[in-house]
file input.cif (mmCIF, C-alpha atoms and all ligand atoms)
data_entry
loop_
_atom_site.group_PDB
_atom_site.id
_atom_site.type_symbol
_atom_site.label_atom_id
_atom_site.label_comp_id
_atom_site.auth_asym_id
_atom_site.auth_seq_id
_atom_site.Cartn_x
_atom_site.Cartn_y
_atom_site.Cartn_z
ATOM 1 C CA MET A 301 28.784 -55.020 50.981
ATOM 2 C CA ARG A 302 28.722 -58.177 48.952
ATOM 3 C CA THR A 303 28.522 -56.436 45.623
ATOM 4 C CA PRO A 304 31.568 -54.201 46.071
ATOM 5 C CA VAL A 305 33.571 -57.183 47.265
ATOM 6 C CA LYS A 306 32.582 -59.135 44.191
ATOM 7 C CA LEU A 307 33.401 -56.224 41.937
ATOM 8 C CA GLY A 308 36.701 -55.840 43.659
ATOM 9 C CA ALA A 309 37.488 -59.497 43.231
ATOM 10 C CA PHE A 310 36.444 -59.343 39.612
ATOM 11 C CA GLY A 311 38.665 -56.319 39.056
ATOM 12 C CA LEU A 312 41.551 -58.083 40.733
ATOM 13 C CA GLY A 313 40.967 -61.103 38.505
ATOM 14 C CA LEU A 314 41.105 -58.879 35.436
ATOM 15 C CA ALA A 315 44.287 -57.274 36.636
ATOM 16 C CA VAL A 316 45.892 -60.657 37.184
ATOM 17 C CA VAL A 317 44.887 -61.867 33.748
ATOM 18 C CA PHE A 318 46.105 -58.634 32.180
ATOM 19 C CA THR A 319 49.449 -58.830 33.962
ATOM 20 C CA ALA A 320 49.819 -62.467 33.020
ATOM 21 C CA ALA A 321 49.107 -61.638 29.392
ATOM 22 C CA LEU A 322 51.734 -58.910 29.476
ATOM 23 C CA GLY A 323 54.240 -61.238 31.042
ATOM 24 C CA LEU A 324 53.469 -63.933 28.525
ATOM 25 C CA GLY A 325 53.834 -61.484 25.657
ATOM 26 C CA ARG A 326 57.201 -60.357 26.913
ATOM 27 C CA ALA A 327 58.466 -63.810 27.683
ATOM 28 C CA VAL A 328 57.188 -65.680 24.636
ATOM 29 C CA GLY A 329 56.210 -63.139 21.997
ATOM 30 C CA PRO A 330 59.115 -61.188 20.613
ATOM 31 C CA ALA A 331 62.017 -63.139 22.040
ATOM 32 C CA PRO A 332 62.761 -66.292 19.995
ATOM 33 C CA ALA A 333 62.388 -65.422 16.315
ATOM 34 C CA PRO A 334 64.080 -62.000 16.178
ATOM 35 C CA ALA A 335 66.922 -63.152 18.389
ATOM 36 C CA ALA A 336 67.674 -66.008 16.010
ATOM 37 C CA THR A 337 67.440 -63.650 13.066
ATOM 38 C CA HIS A 338 69.908 -61.215 14.486
ATOM 39 C CA GLU A 339 72.352 -63.838 15.578
ATOM 40 C CA SER A 340 72.512 -65.208 12.062
ATOM 41 C CA HIS A 341 73.046 -61.746 10.574
ATOM 42 C CA SER A 342 75.392 -60.178 13.034
ATOM 43 C CA GLU A 343 76.753 -57.660 10.513
ATOM 44 C CA ALA A 344 73.450 -55.884 10.635
ATOM 45 C CA GLY A 345 74.643 -53.427 13.244
ATOM 46 C CA GLY A 346 72.417 -52.252 16.046
ATOM 47 C CA HIS A 347 68.756 -52.326 15.208
ATOM 48 C CA GLU A 348 67.700 -54.881 17.761
ATOM 49 C CA GLU A 349 65.436 -52.774 19.899
ATOM 50 C CA ALA A 350 63.169 -51.482 17.162
ATOM 51 C CA ALA A 351 63.063 -54.902 15.534
ATOM 52 C CA THR A 352 61.628 -56.507 18.630
ATOM 53 C CA GLY A 353 59.607 -53.556 19.904
ATOM 54 C CA ALA A 354 56.087 -52.620 18.975
ATOM 55 C CA VAL A 355 56.817 -49.366 17.185
ATOM 56 C CA PRO A 356 58.642 -49.562 13.847
ATOM 57 C CA ALA A 357 61.623 -47.264 13.327
ATOM 58 C CA GLY A 358 61.484 -43.866 11.691
ATOM 59 C CA LEU A 359 58.046 -42.848 12.924
ATOM 60 C CA GLN A 360 59.283 -40.647 15.743
ATOM 61 C CA VAL A 361 61.291 -37.435 15.884
ATOM 62 C CA ALA A 362 62.576 -38.426 19.341
ATOM 63 C CA GLN A 363 63.311 -41.789 20.902
ATOM 64 C CA ASP A 364 65.414 -43.177 23.753
ATOM 65 C CA GLY A 365 66.257 -39.609 24.791
ATOM 66 C CA PHE A 366 67.677 -38.690 21.377
ATOM 67 C CA ARG A 367 66.061 -36.072 19.172
ATOM 68 C CA LEU A 368 66.416 -35.089 15.525
ATOM 69 C CA LEU A 369 66.485 -31.319 15.226
ATOM 70 C CA PRO A 370 66.555 -29.789 11.731
ATOM 71 C CA VAL A 371 68.600 -26.594 11.468
ATOM 72 C CA THR A 372 67.433 -26.035 7.893
ATOM 73 C CA THR A 373 63.649 -25.880 7.786
ATOM 74 C CA GLU A 374 63.065 -26.067 4.013
ATOM 75 C CA LEU A 375 64.386 -28.192 1.187
ATOM 76 C CA SER A 376 65.487 -26.698 -2.123
ATOM 77 C CA THR A 377 63.910 -27.702 -5.434
ATOM 78 C CA GLY A 378 66.404 -25.551 -7.351
ATOM 79 C CA GLY A 379 70.139 -26.019 -7.004
ATOM 80 C CA ALA A 380 71.620 -27.919 -4.112
ATOM 81 C CA ARG A 381 71.624 -25.970 -0.856
ATOM 82 C CA PRO A 382 73.075 -26.907 2.506
ATOM 83 C CA PHE A 383 70.725 -28.964 4.643
ATOM 84 C CA ALA A 384 71.787 -29.066 8.280
ATOM 85 C CA PHE A 385 70.529 -30.795 11.397
ATOM 86 C CA ARG A 386 71.647 -32.013 14.803
ATOM 87 C CA ILE A 387 71.039 -35.075 16.890
ATOM 88 C CA LEU A 388 70.456 -34.018 20.475
ATOM 89 C CA GLY A 389 71.340 -36.456 23.233
ATOM 90 C CA PRO A 390 69.606 -37.149 26.548
ATOM 91 C CA ASP A 391 71.535 -34.217 28.063
ATOM 92 C CA GLY A 392 70.187 -31.852 25.393
ATOM 93 C CA ALA A 393 73.591 -31.340 23.798
ATOM 94 C CA PRO A 394 74.363 -32.270 20.178
ATOM 95 C CA VAL A 395 75.765 -35.777 19.834
ATOM 96 C CA THR A 396 79.288 -35.698 18.420
ATOM 97 C CA ARG A 397 80.384 -39.331 18.807
ATOM 98 C CA TYR A 398 78.826 -42.186 16.877
ATOM 99 C CA THR A 399 79.347 -45.871 16.264
ATOM 100 C CA THR A 400 79.964 -46.622 12.602
ATOM 101 C CA SER A 401 77.380 -48.850 10.949
ATOM 102 C CA HIS A 402 77.445 -49.901 7.292
ATOM 103 C CA ASP A 403 80.626 -47.824 6.785
ATOM 104 C CA LYS A 404 79.087 -44.561 7.993
ATOM 105 C CA ASP A 405 78.334 -42.784 11.265
ATOM 106 C CA LEU A 406 74.985 -41.587 9.971
ATOM 107 C CA HIS A 407 72.792 -42.454 7.015
ATOM 108 C CA LEU A 408 70.352 -39.811 5.804
ATOM 109 C CA ILE A 409 67.321 -40.883 3.816
ATOM 110 C CA VAL A 410 65.213 -38.232 2.114
ATOM 111 C CA VAL A 411 61.942 -39.160 0.427
ATOM 112 C CA ARG A 412 58.743 -37.361 -0.408
ATOM 113 C CA ARG A 413 55.749 -38.511 1.611
ATOM 114 C CA ASP A 414 54.271 -40.151 -1.489
ATOM 115 C CA LEU A 415 57.450 -42.348 -1.528
ATOM 116 C CA SER A 416 58.886 -40.649 -4.627
ATOM 117 C CA GLY A 417 62.185 -38.756 -4.894
ATOM 118 C CA PHE A 418 64.220 -41.161 -2.721
ATOM 119 C CA GLN A 419 67.781 -40.192 -1.798
ATOM 120 C CA HIS A 420 70.256 -41.959 0.475
ATOM 121 C CA VAL A 421 73.130 -39.636 1.326
ATOM 122 C CA HIS A 422 75.872 -39.208 3.898
ATOM 123 C CA PRO A 423 76.265 -35.782 5.496
ATOM 124 C CA THR A 424 79.387 -34.476 7.176
ATOM 125 C CA LEU A 425 79.671 -33.946 10.920
ATOM 126 C CA ALA A 426 81.128 -30.685 12.215
ATOM 127 C CA ALA A 427 82.930 -30.523 15.556
ATOM 128 C CA ASP A 428 79.928 -28.841 17.191
ATOM 129 C CA GLY A 429 77.637 -31.760 16.324
ATOM 130 C CA THR A 430 75.997 -30.195 13.270
ATOM 131 C CA TRP A 431 75.499 -32.525 10.314
ATOM 132 C CA SER A 432 75.263 -30.937 6.858
ATOM 133 C CA ILE A 433 75.104 -31.824 3.205
ATOM 134 C CA ALA A 434 74.334 -30.019 -0.056
ATOM 135 C CA LEU A 435 70.873 -31.209 -1.005
ATOM 136 C CA ALA A 436 68.210 -30.584 -3.635
ATOM 137 C CA VAL A 437 64.944 -32.453 -4.064
ATOM 138 C CA PRO A 438 63.350 -33.076 -7.466
ATOM 139 C CA SER A 439 59.966 -31.481 -6.830
ATOM 140 C CA PRO A 440 57.919 -29.613 -4.200
ATOM 141 C CA GLY A 441 56.064 -31.403 -1.429
ATOM 142 C CA GLN A 442 56.353 -32.640 2.117
ATOM 143 C CA TYR A 443 59.454 -34.770 2.599
ATOM 144 C CA ARG A 444 60.385 -37.255 5.291
ATOM 145 C CA VAL A 445 63.988 -37.045 6.443
ATOM 146 C CA PHE A 446 65.329 -40.102 8.282
ATOM 147 C CA ALA A 447 68.541 -40.129 10.294
ATOM 148 C CA ASP A 448 69.799 -43.681 10.849
ATOM 149 C CA PHE A 449 72.624 -43.733 13.383
ATOM 150 C CA GLN A 450 74.013 -45.262 16.567
ATOM 151 C CA PRO A 451 75.272 -42.925 19.281
ATOM 152 C CA ALA A 452 78.609 -44.005 20.767
ATOM 153 C CA GLY A 453 77.996 -46.037 23.877
ATOM 154 C CA HIS A 454 74.368 -46.687 22.990
ATOM 155 C CA ALA A 455 73.361 -50.319 22.732
ATOM 156 C CA ASN A 456 71.402 -50.093 19.509
ATOM 157 C CA GLY A 457 70.856 -48.105 16.358
ATOM 158 C CA ILE A 458 68.140 -45.479 16.164
ATOM 159 C CA THR A 459 66.229 -44.138 13.190
ATOM 160 C CA LEU A 460 64.516 -40.821 13.767
ATOM 161 C CA GLY A 461 62.298 -39.111 11.227
ATOM 162 C CA VAL A 462 61.126 -35.551 10.689
ATOM 163 C CA ASP A 463 58.991 -33.860 8.046
ATOM 164 C CA VAL A 464 60.629 -31.042 6.081
ATOM 165 C CA PRO A 465 58.774 -29.178 3.317
ATOM 166 C CA ALA A 466 59.992 -28.234 -0.126
ATOM 167 C CA PRO A 467 57.747 -25.228 -0.854
ATOM 168 C CA GLY A 468 55.830 -25.136 -4.123
ATOM 169 C CA ASP A 469 52.967 -26.780 -5.933
ATOM 170 C CA TYR A 470 52.717 -30.352 -4.647
ATOM 171 C CA GLN A 471 51.559 -32.876 -7.242
ATOM 172 C CA PRO A 472 51.344 -36.215 -5.400
ATOM 173 C CA ARG A 473 52.013 -39.393 -7.341
ATOM 174 C CA PRO A 474 50.232 -42.683 -6.783
ATOM 175 C CA LEU A 475 52.347 -45.555 -5.510
ATOM 176 C CA PRO A 476 53.602 -47.552 -8.510
ATOM 177 C CA ALA A 477 51.970 -50.968 -8.913
ATOM 178 C CA PRO A 478 53.735 -53.997 -7.423
ATOM 179 C CA ALA A 479 56.402 -55.298 -9.808
ATOM 180 C CA ARG A 480 59.178 -57.864 -9.804
ATOM 181 C CA THR A 481 61.472 -55.948 -12.136
ATOM 182 C CA SER A 482 62.876 -52.443 -11.959
ATOM 183 C CA THR A 483 64.944 -50.680 -14.598
ATOM 184 C CA VAL A 484 67.473 -47.952 -13.820
ATOM 185 C CA ASP A 485 70.067 -46.507 -16.255
ATOM 186 C CA GLY A 486 69.939 -49.625 -18.439
ATOM 187 C CA TYR A 487 70.250 -51.979 -15.459
ATOM 188 C CA GLN A 488 67.488 -54.474 -14.821
ATOM 189 C CA VAL A 489 66.960 -55.578 -11.238
ATOM 190 C CA THR A 490 64.684 -58.512 -10.475
ATOM 191 C CA LEU A 491 63.169 -59.163 -7.066
ATOM 192 C CA THR A 492 62.630 -62.706 -5.784
ATOM 193 C CA GLY A 493 60.987 -63.525 -2.472
ATOM 194 C CA ASP A 494 57.941 -62.298 -0.601
ATOM 195 C CA LEU A 495 57.497 -60.024 2.362
ATOM 196 C CA THR A 496 55.945 -61.877 5.281
ATOM 197 C CA PRO A 497 54.319 -59.842 8.072
ATOM 198 C CA GLY A 498 55.765 -60.477 11.501
ATOM 199 C CA GLY A 499 58.761 -62.462 10.338
ATOM 200 C CA SER A 500 62.083 -62.246 8.562
ATOM 201 C CA SER A 501 61.693 -62.429 4.791
ATOM 202 C CA LYS A 502 64.496 -63.442 2.474
ATOM 203 C CA LEU A 503 64.692 -61.178 -0.561
ATOM 204 C CA ALA A 504 67.046 -61.717 -3.478
ATOM 205 C CA LEU A 505 67.741 -58.915 -5.925
ATOM 206 C CA SER A 506 69.422 -59.882 -9.166
ATOM 207 C CA VAL A 507 71.185 -57.264 -11.293
ATOM 208 C CA SER A 508 71.693 -57.537 -15.048
ATOM 209 C CA LYS A 509 72.690 -55.178 -17.840
ATOM 210 C CA ASP A 510 71.929 -55.641 -21.521
ATOM 211 C CA GLY A 511 70.584 -59.086 -20.712
ATOM 212 C CA MET A 512 73.825 -60.190 -19.052
ATOM 213 C CA PRO A 513 74.104 -60.890 -15.312
ATOM 214 C CA VAL A 514 76.316 -58.372 -13.536
ATOM 215 C CA THR A 515 78.949 -60.315 -11.596
ATOM 216 C CA ASP A 516 81.290 -57.489 -10.677
ATOM 217 C CA LEU A 517 79.201 -55.384 -8.347
ATOM 218 C CA GLN A 518 81.315 -53.133 -6.150
ATOM 219 C CA PRO A 519 81.068 -53.031 -2.364
ATOM 220 C CA TYR A 520 78.923 -50.159 -1.201
ATOM 221 C CA LEU A 521 78.437 -49.417 2.505
ATOM 222 C CA GLY A 522 80.074 -52.702 3.441
ATOM 223 C CA ALA A 523 77.893 -54.851 1.203
ATOM 224 C CA TYR A 524 77.062 -55.449 -2.437
ATOM 225 C CA GLY A 525 73.868 -53.523 -1.958
ATOM 226 C CA HIS A 526 72.001 -51.449 0.560
ATOM 227 C CA LEU A 527 68.259 -51.874 0.829
ATOM 228 C CA VAL A 528 65.847 -49.466 2.480
ATOM 229 C CA ALA A 529 62.160 -50.346 2.805
ATOM 230 C CA LEU A 530 59.394 -47.911 3.717
ATOM 231 C CA ARG A 531 55.792 -48.753 4.521
ATOM 232 C CA ASP A 532 53.168 -47.062 2.383
ATOM 233 C CA GLY A 533 50.798 -45.015 4.526
ATOM 234 C CA ASP A 534 53.096 -43.934 7.353
ATOM 235 C CA LEU A 535 56.638 -44.355 6.001
ATOM 236 C CA ALA A 536 57.703 -46.734 8.757
ATOM 237 C CA TYR A 537 61.387 -47.461 8.190
ATOM 238 C CA LEU A 538 62.125 -51.159 8.016
ATOM 239 C CA HIS A 539 65.063 -53.189 9.047
ATOM 240 C CA VAL A 540 66.750 -54.824 6.120
ATOM 241 C CA HIS A 541 69.992 -56.662 6.611
ATOM 242 C CA PRO A 542 72.358 -57.749 3.859
ATOM 243 C CA ASP A 543 73.350 -61.405 3.879
ATOM 244 C CA GLY A 544 77.118 -61.722 3.826
ATOM 245 C CA THR A 545 79.884 -59.189 3.327
ATOM 246 C CA PRO A 546 82.278 -58.694 0.419
ATOM 247 C CA GLY A 547 85.391 -60.780 0.876
ATOM 248 C CA ASP A 548 83.893 -63.257 3.338
ATOM 249 C CA GLY A 549 84.489 -66.073 0.864
ATOM 250 C CA ARG A 550 80.822 -66.929 0.369
ATOM 251 C CA THR A 551 79.276 -63.732 -0.943
ATOM 252 C CA PRO A 552 79.488 -63.303 -4.715
ATOM 253 C CA ALA A 553 79.755 -59.849 -6.320
ATOM 254 C CA GLY A 554 76.455 -60.386 -8.081
ATOM 255 C CA PRO A 555 74.309 -60.879 -9.931
ATOM 256 C CA GLU A 556 72.307 -61.711 -6.812
ATOM 257 C CA VAL A 557 72.294 -59.738 -3.576
ATOM 258 C CA THR A 558 70.409 -61.233 -0.642
ATOM 259 C CA PHE A 559 68.681 -59.429 2.197
ATOM 260 C CA TYR A 560 66.548 -60.246 5.196
ATOM 261 C CA ALA A 561 63.665 -57.846 5.705
ATOM 262 C CA GLU A 562 61.503 -57.614 8.783
ATOM 263 C CA VAL A 563 58.026 -56.403 7.953
ATOM 264 C CA PRO A 564 55.764 -55.407 10.869
ATOM 265 C CA SER A 565 52.415 -55.706 9.103
ATOM 266 C CA ALA A 566 50.580 -56.554 5.927
ATOM 267 C CA GLY A 567 50.442 -53.743 3.407
ATOM 268 C CA SER A 568 52.373 -52.133 0.587
ATOM 269 C CA TYR A 569 56.028 -51.289 0.891
ATOM 270 C CA ARG A 570 58.445 -49.406 -1.318
ATOM 271 C CA LEU A 571 61.895 -50.983 -1.586
ATOM 272 C CA TYR A 572 64.958 -48.977 -2.600
ATOM 273 C CA LEU A 573 68.089 -50.912 -3.550
ATOM 274 C CA ASP A 574 71.323 -48.935 -3.782
ATOM 275 C CA PHE A 575 74.007 -50.816 -5.696
ATOM 276 C CA GLN A 576 77.338 -49.801 -7.146
ATOM 277 C CA HIS A 577 78.701 -50.830 -10.510
ATOM 278 C CA ALA A 578 81.438 -49.251 -12.651
ATOM 279 C CA GLY A 579 81.942 -46.584 -10.001
ATOM 280 C CA VAL A 580 78.376 -45.311 -9.960
ATOM 281 C CA VAL A 581 75.737 -45.864 -7.260
ATOM 282 C CA ARG A 582 72.228 -46.344 -8.605
ATOM 283 C CA THR A 583 68.887 -46.987 -6.953
ATOM 284 C CA ALA A 584 66.372 -49.565 -8.161
ATOM 285 C CA GLU A 585 62.867 -49.189 -6.724
ATOM 286 C CA PHE A 586 60.076 -51.729 -6.219
ATOM 287 C CA THR A 587 56.628 -51.817 -4.741
ATOM 288 C CA ALA A 588 56.037 -55.043 -2.828
ATOM 289 C CA VAL A 589 52.964 -56.247 -0.970
ATOM 290 C CA ALA A 590 53.306 -58.064 2.353
ATOM 291 C CA GLY A 591 50.835 -60.691 3.374
ATOM 292 C CA PRO A 592 48.050 -62.370 1.494
ATOM 293 C CA PRO A 593 45.966 -60.244 -0.860
ATOM 294 C CA ALA A 594 42.487 -59.267 0.233
ATOM 295 C CA PRO A 595 40.327 -62.410 0.481
ATOM 296 C CA ALA A 596 39.264 -63.276 -3.046
ATOM 297 C CA PRO A 597 35.523 -63.850 -3.456
ATOM 298 C CA THR A 598 36.218 -66.875 -5.658
ATOM 299 C CA THR A 599 35.182 -69.600 -3.217
ATOM 300 C CA SER A 600 31.986 -68.066 -1.923
ATOM 301 C CA ALA A 601 31.035 -66.702 -5.340
ATOM 302 C CA SER A 602 31.359 -70.061 -7.068
ATOM 303 C CA ALA A 603 29.571 -71.760 -4.192
ATOM 304 C CA THR A 604 26.605 -69.428 -4.123
ATOM 305 C CA SER A 605 26.231 -68.420 -7.748
ATOM 306 C CA SER A 606 26.810 -70.401 -10.908
ATOM 307 C CA THR A 607 26.820 -67.222 -13.006
ATOM 308 C CA ALA A 608 29.813 -65.689 -11.239
ATOM 309 C CA THR A 609 32.932 -65.776 -13.345
ATOM 310 C CA PRO A 610 36.195 -66.385 -11.510
ATOM 311 C CA GLN A 611 38.139 -64.389 -14.101
ATOM 312 C CA PRO A 612 38.236 -60.970 -12.381
ATOM 313 C CA SER A 613 39.403 -62.246 -9.014
ATOM 314 C CA GLU A 614 42.078 -64.407 -10.590
ATOM 315 C CA SER A 615 43.538 -61.558 -12.604
ATOM 316 C CA GLY A 616 43.400 -59.361 -9.539
ATOM 317 C CA HIS A 617 45.331 -62.040 -7.711
ATOM 318 C CA ASP A 618 48.006 -62.022 -10.395
ATOM 319 C CA ALA A 619 48.315 -58.263 -10.330
ATOM 320 C CA ASP A 620 49.360 -58.412 -6.702
ATOM 321 C CA GLY A 621 52.344 -60.487 -7.620
ATOM 322 C CA HIS A 622 51.351 -63.519 -5.605
ATOM 323 C CA LYS A 623 51.399 -65.920 -8.537
HETATM 324 CU CU CU A 701 73.937 -44.735 4.141
#
call {"tool": "encode", "arguments": {"input": "input.cif", "output": "structure tokens"}}
result
Amino acid sequence: MRTPVKLGAFGLGLAVVFTAALGLGRAVGPAPAPAATHESHSEAGGHEEAATGAVPAGLQVAQDGFRLLPVTTELSTGGARPFAFRILGPDGAPVTRYTTSHDKDLHLIVVRRDLSGFQHVHPTLAADGTWSIALAVPSPGQYRVFADFQPAGHANGITLGVDVPAPGDYQPRPLPAPARTSTVDGYQVTLTGDLTPGGSSKLALSVSKDGMPVTDLQPYLGAYGHLVALRDGDLAYLHVHPDGTPGDGRTPAGPEVTFYAEVPSAGSYRLYLDFQHAGVVRTAEFTAVAGPPAPAPTTSASATSSTATPQPSESGHDADGHK
């Protein structure tokens, strides 16, 4: 009889410790930092839940009772064809009322699973709750379609994701190497700042053209730029909030646009900056690495072997963009 009692007591002790750890995690873990972040960037709209929760946005086809249901099951690589989908609510009916965020009721992001072919578009909502837009993708492959929206009356924004194929011969592309500068249509965009896992990272993107800073960016989606970040490996959709709004008296129309990005883990991310100048919206893309690079063997190598040359590890360090 003694043994079972001891086991029982031991089990109870474990349960108490486990519960206490859970309680501690809830009380101390996510609360302070994200709350401060969101208070200081209130224009971000509703993304609070996913920012503080364990699962990043965009990884699920259904969440909080809402479901992304494609009506069109293939993407076109030829001319643009209608792509339609619905958001189903907890009652199973298509959602027809939304809360506007960043100037739109719903943002649709389409990207191939190798992070190429990015598009950020805004479909039209029909009275029956069907969203649609004429869409073509540049090449065959499996695409991830993200719907970023906030149902009316719902406390926070939701980003659902679903895979949709573009039939044909898929030729995957490797993720471009990390870089601080991106060129699009003669515009040069330079990225300053580093992604920090588990925290809010300030990123500044500076736009120039023909060597001259662009100081007359046009508002796009309620800001001077819209930044989407996706994690390499699973396409987790990150929360990136613009700092300031056009006309608030402190936000210049370029050349620099500032964002706060929340990165859930170390790893590689692809950043897509949409900006508008001279009436045209363009997208500048970057690969950025969050967290320290893999431990360099420099210290142990130099300590244990006098023949080891530090050259390779140092150049590898530079290639990661961490100075
Ligand atoms: Cu949008």
call {"tool": "closest_residue", "arguments": {"input": "input.cif", "among": "A:Val437, A:Ala578, A:Ala504, A:Ala523", "to": "ligand CU 701 (chain A)", "atoms": "all atoms listed in the file"}}
result
A:Ala523
call {"tool": "resolve_selection", "arguments": {"input": "input.cif", "expression": "the PyMOL selection byres (((not hetatm)) within 10 of (chain A and resi 701))", "output": "list in words"}}
result
Ser401, His402, Asp403, Lys404, Asp405, Leu406, His407, Leu408, Ile409, Gln419, His420, Val421, His422, Pro423, Ala447, Asp448, Phe449, Tyr520, Leu521, His526, Leu527, Val528 and Asp574 of chain A
call {"tool": "resolve_selection", "arguments": {"input": "input.cif", "expression": "the PyMOL selection byres (((chain A and resi 477-486) around 8) and not hetatm)", "output": "mmCIF file with C-alpha atoms, in the coordinates of the input"}}
result
data_model
loop_
_atom_site.group_PDB
_atom_site.id
_atom_site.type_symbol
_atom_site.label_atom_id
_atom_site.label_comp_id
_atom_site.auth_asym_id
_atom_site.auth_seq_id
_atom_site.Cartn_x
_atom_site.Cartn_y
_atom_site.Cartn_z
ATOM 1 C CA LEU A 475 52.347 -45.555 -5.510
ATOM 2 C CA PRO A 476 53.602 -47.552 -8.510
ATOM 3 C CA TYR A 487 70.250 -51.979 -15.459
ATOM 4 C CA GLN A 488 67.488 -54.474 -14.821
ATOM 5 C CA VAL A 489 66.960 -55.578 -11.238
ATOM 6 C CA THR A 490 64.684 -58.512 -10.475
ATOM 7 C CA LEU A 491 63.169 -59.163 -7.066
ATOM 8 C CA THR A 492 62.630 -62.706 -5.784
ATOM 9 C CA LYS A 509 72.690 -55.178 -17.840
ATOM 10 C CA ASP A 510 71.929 -55.641 -21.521
ATOM 11 C CA ARG A 582 72.228 -46.344 -8.605
ATOM 12 C CA THR A 583 68.887 -46.987 -6.953
ATOM 13 C CA ALA A 584 66.372 -49.565 -8.161
ATOM 14 C CA GLU A 585 62.867 -49.189 -6.724
ATOM 15 C CA PHE A 586 60.076 -51.729 -6.219
ATOM 16 C CA THR A 587 56.628 -51.817 -4.741
ATOM 17 C CA ALA A 588 56.037 -55.043 -2.828
ATOM 18 C CA VAL A 589 52.964 -56.247 -0.970
ATOM 19 C CA ALA A 619 48.315 -58.263 -10.330
ATOM 20 C CA ASP A 620 49.360 -58.412 -6.702
ATOM 21 C CA GLY A 621 52.344 -60.487 -7.620
#
call {"tool": "resolve_selection", "arguments": {"input": "input.cif", "expression": "the PyMOL selection byres (((chain A and resi 382) around 6) and not hetatm)", "output": "list in words"}}
result
Arg381, Phe383, Ile433, Ala434 and Leu435 of chain A
call {"tool": "write_last_selection", "arguments": {"input": "input.cif", "atoms": "C-alpha atoms", "output": "CSV table (one decimal), keeping the file's coordinate frame"}}
result
chain,number,residue,atom,x,y,z
A,381,ARG,CA,71.6,-26.0,-0.9
A,383,PHE,CA,70.7,-29.0,4.6
A,433,ILE,CA,75.1,-31.8,3.2
A,434,ALA,CA,74.3,-30.0,-0.1
A,435,LEU,CA,70.9,-31.2,-1.0
call {"tool": "atom_distance", "arguments": {"input": "input.cif", "atom1": "atom CA of Tyr537 of chain A", "atom2": "atom CA of Arg412 of chain A"}}
result
13.5 Å
call {"tool": "residues_around", "arguments": {"input": "input.cif", "residues": "segment 544-547 of chain A", "least_positions_apart": "5", "cutoff": "9 Å", "atoms": "all atoms listed in the file", "output": "list in words"}}
result
His341, Glu343, Gln518, Pro519, Gly522, Ala523, Tyr524, Pro552, Ala553, Thr558 and Phe559 of chain A
call {"tool": "atom_distance", "arguments": {"input": "input.cif", "atom1": "atom CA of Asp534 of chain A", "atom2": "atom CA of Arg444 of chain A"}}
result
10.1 Å
call {"tool": "closest_residue", "arguments": {"input": "input.cif", "among": "A:Val563, A:Leu530, A:Val507, A:Leu388", "to": "Asp414 of chain A", "atoms": "only C-alpha atoms"}}
result
A:Leu530
call {"tool": "atom_distance", "arguments": {"input": "input.cif", "atom1": "atom CA of Phe418 of chain A", "atom2": "atom CA of Gly499 of chain A"}}
result
25.6 Å
call {"tool": "closest_residue", "arguments": {"input": "input.cif", "among": "A:Ala354, A:Arg397, A:Val411, A:Pro465", "to": "Pro370 of chain A", "atoms": "only C-alpha atoms"}}
result
A:Pro465
call {"tool": "closest_residue", "arguments": {"input": "input.cif", "among": "A:Ala566, A:Leu571, A:Val464, A:Leu375", "to": "His539 of chain A", "atoms": "all atoms listed in the file"}}
result
A:Leu571
call {"tool": "residues_around", "arguments": {"input": "input.cif", "residues": "Phe385 of chain A", "least_positions_apart": "4", "cutoff": "10 Å", "atoms": "only C-alpha atoms", "output": "list in words"}}
result
Leu368, Leu369, Pro370, Val371, Thr372, Thr373, Pro394, Pro423, Leu425, Gly429, Thr430, Trp431, Ser432, Ile433 and Ala447 of chain A
call {"tool": "write_last_selection", "arguments": {"input": "input.cif", "atoms": "C-alpha atoms", "output": "PDB file, in the frame of the given file"}}
result
ATOM      1  CA  LEU A 368      66.416 -35.089  15.525  1.00  0.00           C
ATOM      2  CA  LEU A 369      66.485 -31.319  15.226  1.00  0.00           C
ATOM      3  CA  PRO A 370      66.555 -29.789  11.731  1.00  0.00           C
ATOM      4  CA  VAL A 371      68.600 -26.594  11.468  1.00  0.00           C
ATOM      5  CA  THR A 372      67.433 -26.035   7.893  1.00  0.00           C
ATOM      6  CA  THR A 373      63.649 -25.880   7.786  1.00  0.00           C
ATOM      7  CA  PRO A 394      74.363 -32.270  20.178  1.00  0.00           C
ATOM      8  CA  PRO A 423      76.265 -35.782   5.496  1.00  0.00           C
ATOM      9  CA  LEU A 425      79.671 -33.946  10.920  1.00  0.00           C
ATOM     10  CA  GLY A 429      77.637 -31.760  16.324  1.00  0.00           C
ATOM     11  CA  THR A 430      75.997 -30.195  13.270  1.00  0.00           C
ATOM     12  CA  TRP A 431      75.499 -32.525  10.314  1.00  0.00           C
ATOM     13  CA  SER A 432      75.263 -30.937   6.858  1.00  0.00           C
ATOM     14  CA  ILE A 433      75.104 -31.824   3.205  1.00  0.00           C
ATOM     15  CA  ALA A 447      68.541 -40.129  10.294  1.00  0.00           C
TER      16      ALA A 447
END
call {"tool": "closest_residue", "arguments": {"input": "input.cif", "among": "A:Leu495, A:Val462, A:Ala393, A:Leu359", "to": "Tyr569 of chain A", "atoms": "all atoms listed in the file"}}
result
A:Leu495
call {"tool": "closest_residue", "arguments": {"input": "input.cif", "among": "A:Tyr560, A:Phe366, A:Tyr470, A:Phe575", "to": "Lys502 of chain A", "atoms": "all atoms listed in the file"}}
result
A:Tyr560
call {"tool": "residues_around", "arguments": {"input": "input.cif", "residues": "Ala436 of chain A", "least_positions_apart": "5", "cutoff": "8 Å", "atoms": "all atoms listed in the file", "output": "VMD selection string"}}
result
chain A and resid 375 to 381
